[in-house]
Amino acid sequence: MHNVRISIPSFRSEDNPMEKGYTVFKIEVLMNGRQHTVEKRYSEFHNLHKMLKKSLKPPELPSKHVRNWVPKVLEQRRHGLELYLQTVIMENEVLPKIFLDFLNIHHFPSLPKTESCGSFEMEAEESSKLNHQPTMLYQRDPYLLPPKHDSFSNVVIEGVIHGIFYPDLQPR
């Protein structure tokens with residue numbers, strides 16, 4: 001069982017002067033306690049369905065030909081698309097990379113449960129690793145402490161910094 005939860009709580013209509021209007025579906029993805037949102041048009045779901053058919057047997061996609069501006073029909077389509085995504089997750093032990101990309105999931109923690117469509121497994125393994133930069137530690141913050149040539153040092157700032165960075169050391 002995958003630790004990915006999907007819901008499509010809402011949709012909105014977009015008017016575009018360059019093309020006819022369309023509907024955008026808001027997809028909420030919850031994975032390992034983290035949630036993010038992706039917005040997709042029906043045509044993107046349709047493209048995903050065509051790609052998934054190449055590697056597995058996906059569930060039926062809601063009908064492409066509907067009157068887009070009827071709220072009741074749009075609500076049925078929203079529910080059908082939500083069920084479609086949830087069924088793909090429940091029925092497939094291996095989630096294809098194209099599906100994860102569609103949901104904007106870039107790092108899937110259980111690598112054996114994912115596969116990479118059209119790429120080598122080595123690439124998928126490498127791309128799932130997190131890269132970290134080494135951290136540098138400064139002994140003294142040059143912006144907090146007065147310069148060395150200052151004849152009157154700030155005892156309070158030195159005491160606070162000494163307490164934070166050297167709590168086990170005894171004062172001079």
# chains A, B, ... in the order shown; residues from 1 in each chain; ligands from 1
>>> residues_around(residues="Asn104 in chain A", least_positions_apart="6", cutoff="9 Å", atoms="only C-alpha atoms", output="ChimeraX atom specification")
/A:29,36-38
>>> write_last_selection(atoms="N, CA, C and O atoms", output="PDB file, in the first residue's frame")
ATOM      1  N   VAL A  29      -2.306  16.554  -2.911  1.00  0.00           N
ATOM      2  CA  VAL A  29      -1.501  15.349  -2.742  1.00  0.00           C
ATOM      3  C   VAL A  29      -0.942  15.363  -1.329  1.00  0.00           C
ATOM      4  O   VAL A  29      -0.269  16.319  -0.936  1.00  0.00           O
ATOM      5  N   HIS A  36       0.849  19.064  -0.900  1.00  0.00           N
ATOM      6  CA  HIS A  36       1.028  20.091  -1.919  1.00  0.00           C
ATOM      7  C   HIS A  36      -0.139  20.014  -2.900  1.00  0.00           C
ATOM      8  O   HIS A  36      -0.895  19.055  -2.906  1.00  0.00           O
ATOM      9  N   THR A  37      -0.278  21.052  -3.685  1.00  0.00           N
ATOM     10  CA  THR A  37      -1.396  21.169  -4.608  1.00  0.00           C
ATOM     11  C   THR A  37      -0.887  21.258  -6.033  1.00  0.00           C
ATOM     12  O   THR A  37       0.125  21.913  -6.292  1.00  0.00           O
ATOM     13  N   VAL A  38      -1.581  20.582  -6.930  1.00  0.00           N
ATOM     14  CA  VAL A  38      -1.278  20.618  -8.357  1.00  0.00           C
ATOM     15  C   VAL A  38      -2.576  20.947  -9.075  1.00  0.00           C
ATOM     16  O   VAL A  38      -3.637  20.444  -8.697  1.00  0.00           O
TER      17      VAL A  38
END
>>> closest_residue(among="A:Leu52, A:Leu81, A:Ile105, A:Ile161", to="Leu30 in chain A", atoms="only C-alpha atoms")
A:Ile105
>>> closest_residue(among="A:Pro96, A:Gly33, A:Gly21, A:Pro71", to="Pro58 in chain A", atoms="only C-alpha atoms")
A:Pro96
>>> closest_residue(among="A:His46, A:Lys57, A:Arg12, A:Lys26", to="Glu91 in chain A", atoms="only C-alpha atoms")
A:Lys57
>>> atom_distance(atom1="CA of Gln76 in chain A", atom2="CA of Thr23 in chain A")
13.0 Å
>>> closest_residue(among="A:Gly80, A:Asn16, A:Asp168, A:Thr87", to="Ser63 in chain A", atoms="only C-alpha atoms")
A:Gly80
>>> closest_residue(among="A:Phe11, A:Met18, A:Asn32, A:Phe99", to="Lys53 in chain A", atoms="only C-alpha atoms")
A:Phe99
>>> closest_residue(among="A:Arg41, A:Lys50, A:His106, A:Lys97", to="Arg77 in chain A", atoms="only C-alpha atoms")
A:Arg41
>>> atom_distance(atom1="CA of Tyr84 in chain A", atom2="CA of Pro62 in chain A")
8.1 Å
>>> atom_distance(atom1="CA of Gln35 in chain A", atom2="CA of Ser13 in chain A")
23.4 Å
